[in-house]
Amino acid sequence: MPATRYLYVTRHAEATADETGLTEAGRRQAELLGERLAGAGLAAVHHGPLARAAETARIVAERAGGVPAQVAEEAGDYLPYLPGREELPAESADATLERLAGFPAEEREPGPALARTAQQRFTGPADGDEVRHELVVTHAFLAAWLVRDALDAPPWRWIGLNHANTGLTVIRYTPGRPAALMLFNDLGHLPEELRWTGFPAELRL
């Protein structure tokens with residue numbers, strides 16, 4: 001019989017300009033998130049293959065109790081769904097499609113298949129009879145896609161759901177019930193000076 005799964009989702013911590021690692025502020029963000037999750041009883045820590053996600057996951061895992069971080073290609077940086085013009089609000093459709101078309105092919109073309117794999121691996125009730133807590137350290141787009149999926153929103157609606165660096169989202173999957181979005185982009189573990197990095201300037205609070 002399946003058991004309840006708590007999926008913790010976070011965007012990687014603040015990265016250096018060349019994206020080969022984390023800034024000093026980013027390392028502190030990751031440490032603080034790990035300390036917040038220390039009592040969560042994480043059974044697994046998954047992360048995307050890029051350096052900024054891998055370093056974030058390693059730091060968080062060490063601070064959260066030492067669960068080994070494991071790489072997952074489906075937790076990487078890609079566009080999870082490419083909408084058609086007819087799906088989008090008419091007033092912004094052209095601008096949205098132009099922006100998405102500007103992403104490199106390696107982020108656009110394999111994205112939908114990777115997103116389906118991520119849903120199969122990370123969402124829904126857990127196998128077995130024990131409650132399971134898992135963390136996915138990923139990027140803004142997949143975090144948005146998983147939230148959209150939990151809310152049964154239209155596929156294109158991942159667009160516009162922003163995540164700050166190490167913002168914490170928690171989704172509960174209980175057998176026989178709809179997914180429950182318990183937290184979204186929560187920054188309670190960060191002091192004010194470390195919040196909202198990774199967010200567009202016009203959306204920072």
# chains A, B, ... in the order shown; residues from 1 in each chain; ligands from 1
$ residues_around --residues "Glu193 in chain A" --least-positions-apart "5" --cutoff "12 Å" --atoms "only C-alpha atoms" --output "ChimeraX atom specification"
/A:25-26,28-29,187,204-205
$ select_by_dssp --residues "range 58-176 of chain A" --states "strand (DSSP E)" --output "number ranges by chain"
A: 69-71, 132-138, 168-173
$ write_last_selection --atoms "N, CA and C atoms" --output "PDB file, in the first residue's frame"
ATOM      1  N   ALA A  69      23.700  13.119  -1.301  1.00  0.00           N
ATOM      2  CA  ALA A  69      23.045  13.758  -2.435  1.00  0.00           C
ATOM      3  C   ALA A  69      23.315  12.934  -3.686  1.00  0.00           C
ATOM      4  N   GLN A  70      22.299  12.770  -4.518  1.00  0.00           N
ATOM      5  CA  GLN A  70      22.443  11.966  -5.740  1.00  0.00           C
ATOM      6  C   GLN A  70      21.946  12.740  -6.949  1.00  0.00           C
ATOM      7  N   VAL A  71      22.715  12.658  -8.028  1.00  0.00           N
ATOM      8  CA  VAL A  71      22.395  13.407  -9.233  1.00  0.00           C
ATOM      9  C   VAL A  71      21.228  12.759  -9.969  1.00  0.00           C
ATOM     10  N   ARG A 132       7.425   9.234   3.488  1.00  0.00           N
ATOM     11  CA  ARG A 132       8.731   9.508   2.890  1.00  0.00           C
ATOM     12  C   ARG A 132       8.908  11.008   2.679  1.00  0.00           C
ATOM     13  N   HIS A 133      10.103  11.503   3.035  1.00  0.00           N
ATOM     14  CA  HIS A 133      10.459  12.908   2.861  1.00  0.00           C
ATOM     15  C   HIS A 133      11.643  12.971   1.895  1.00  0.00           C
ATOM     16  N   GLU A 134      11.494  13.689   0.790  1.00  0.00           N
ATOM     17  CA  GLU A 134      12.547  13.800  -0.218  1.00  0.00           C
ATOM     18  C   GLU A 134      12.749  15.250  -0.606  1.00  0.00           C
ATOM     19  N   LEU A 135      13.979  15.604  -0.912  1.00  0.00           N
ATOM     20  CA  LEU A 135      14.326  16.946  -1.375  1.00  0.00           C
ATOM     21  C   LEU A 135      14.823  16.875  -2.808  1.00  0.00           C
ATOM     22  N   VAL A 136      14.351  17.800  -3.641  1.00  0.00           N
ATOM     23  CA  VAL A 136      14.857  17.976  -4.994  1.00  0.00           C
ATOM     24  C   VAL A 136      15.459  19.367  -5.110  1.00  0.00           C
ATOM     25  N   VAL A 137      16.753  19.435  -5.363  1.00  0.00           N
ATOM     26  CA  VAL A 137      17.441  20.706  -5.597  1.00  0.00           C
ATOM     27  C   VAL A 137      17.526  20.887  -7.101  1.00  0.00           C
ATOM     28  N   THR A 138      16.817  21.874  -7.618  1.00  0.00           N
ATOM     29  CA  THR A 138      16.666  21.986  -9.056  1.00  0.00           C
ATOM     30  C   THR A 138      16.798  23.444  -9.490  1.00  0.00           C
ATOM     31  N   LEU A 168      11.858  27.603  -0.432  1.00  0.00           N
ATOM     32  CA  LEU A 168      11.411  26.242  -0.126  1.00  0.00           C
ATOM     33  C   LEU A 168       9.939  26.059  -0.467  1.00  0.00           C
ATOM     34  N   THR A 169       9.669  25.059  -1.293  1.00  0.00           N
ATOM     35  CA  THR A 169       8.315  24.648  -1.624  1.00  0.00           C
ATOM     36  C   THR A 169       8.121  23.225  -1.114  1.00  0.00           C
ATOM     37  N   VAL A 170       6.965  22.949  -0.521  1.00  0.00           N
ATOM     38  CA  VAL A 170       6.671  21.615  -0.009  1.00  0.00           C
ATOM     39  C   VAL A 170       5.321  21.159  -0.551  1.00  0.00           C
ATOM     40  N   ILE A 171       5.315  19.981  -1.153  1.00  0.00           N
ATOM     41  CA  ILE A 171       4.097  19.383  -1.705  1.00  0.00           C
ATOM     42  C   ILE A 171       3.867  18.043  -1.022  1.00  0.00           C
ATOM     43  N   ARG A 172       2.637  17.822  -0.565  1.00  0.00           N
ATOM     44  CA  ARG A 172       2.286  16.556   0.087  1.00  0.00           C
ATOM     45  C   ARG A 172       1.426  15.727  -0.854  1.00  0.00           C
ATOM     46  N   TYR A 173       1.828  14.475  -1.031  1.00  0.00           N
ATOM     47  CA  TYR A 173       1.076  13.521  -1.851  1.00  0.00           C
ATOM     48  C   TYR A 173       0.540  12.421  -0.946  1.00  0.00           C
TER      49      TYR A 173
END
$ atom_distance --atom1 "CA of Ile59 in chain A" --atom2 "CA of Ala30 in chain A"
6.0 Å
$ closest_residue --among "A:Leu32, A:Leu114, A:Ala51, A:Val45" --to "His12 in chain A" --atoms "only C-alpha atoms"
A:Ala51
$ atom_distance --atom1 "CA of Ile159 in chain A" --atom2 "CA of Pro83 in chain A"
9.7 Å
$ atom_distance --atom1 "CA of Arg11 in chain A" --atom2 "CA of Gly198 in chain A"
8.9 Å
$ residues_around --residues "range 84-94 of chain A" --least-positions-apart "5" --cutoff "10 Å" --atoms "only C-alpha atoms" --output "PyMOL selection string"
chain A and resi 99+154-157
$ closest_residue --among "A:Glu19, A:Glu31, A:Glu202, A:Asp129" --to "Asn162 in chain A" --atoms "only C-alpha atoms"
A:Glu202
$ select_by_dssp --residues "range 68-173 of chain A" --states "helix (DSSP H, G or I)" --output "VMD selection string"
chain A and resid 73 to 75 85 to 87 93 to 101 105 to 108 111 to 122 140 to 150 155 to 158
$ residues_around --residues "Trp158 in chain A" --least-positions-apart "3" --cutoff "6 Å" --atoms "only C-alpha atoms" --output "MDAnalysis selection string"
chainID A and resid 144:145 148 161
$ residues_around --residues "Pro175 in chain A" --least-positions-apart "5" --cutoff "7 Å" --atoms "only C-alpha atoms" --output "VMD selection string"
chain A and resid 2 to 4 125
$ residues_around --residues "Ala150 in chain A" --least-positions-apart "5" --cutoff "7 Å" --atoms "only C-alpha atoms" --output "list in words"
Ala179, Ala180 and Leu181 of chain A
$ write_last_selection --atoms "all heavy atoms" --output "compact mmCIF listing (two decimals), in the first residue's frame"
# COMPACT_ATOMS: atom_id res chain seq x y z
N ALA A 179 -2.97 16.29 -4.56
CA ALA A 179 -1.73 16.85 -4.02
C ALA A 179 -2.04 18.14 -3.27
O ALA A 179 -2.94 18.90 -3.64
CB ALA A 179 -0.74 17.12 -5.15
N ALA A 180 -1.29 18.40 -2.20
CA ALA A 180 -1.50 19.60 -1.38
C ALA A 180 -0.23 20.45 -1.39
O ALA A 180 0.85 19.96 -1.01
CB ALA A 180 -1.86 19.22 0.05
N LEU A 181 -0.35 21.68 -1.84
CA LEU A 181 0.77 22.62 -1.81
C LEU A 181 0.83 23.25 -0.42
O LEU A 181 0.00 24.08 -0.06
CB LEU A 181 0.59 23.69 -2.88
CG LEU A 181 1.72 24.71 -3.04
CD1 LEU A 181 3.02 24.03 -3.44
CD2 LEU A 181 1.32 25.79 -4.03
$ residues_around --residues "Arg63 in chain A" --least-positions-apart "2" --cutoff "9 Å" --atoms "only C-alpha atoms" --output "list in words"
Ala30, Glu31, Leu32, Leu33, Gly34, Glu35, Arg36, Leu37, Ala38, Arg58, Ile59, Val60, Ala61, Gly65 and Gly66 of chain A
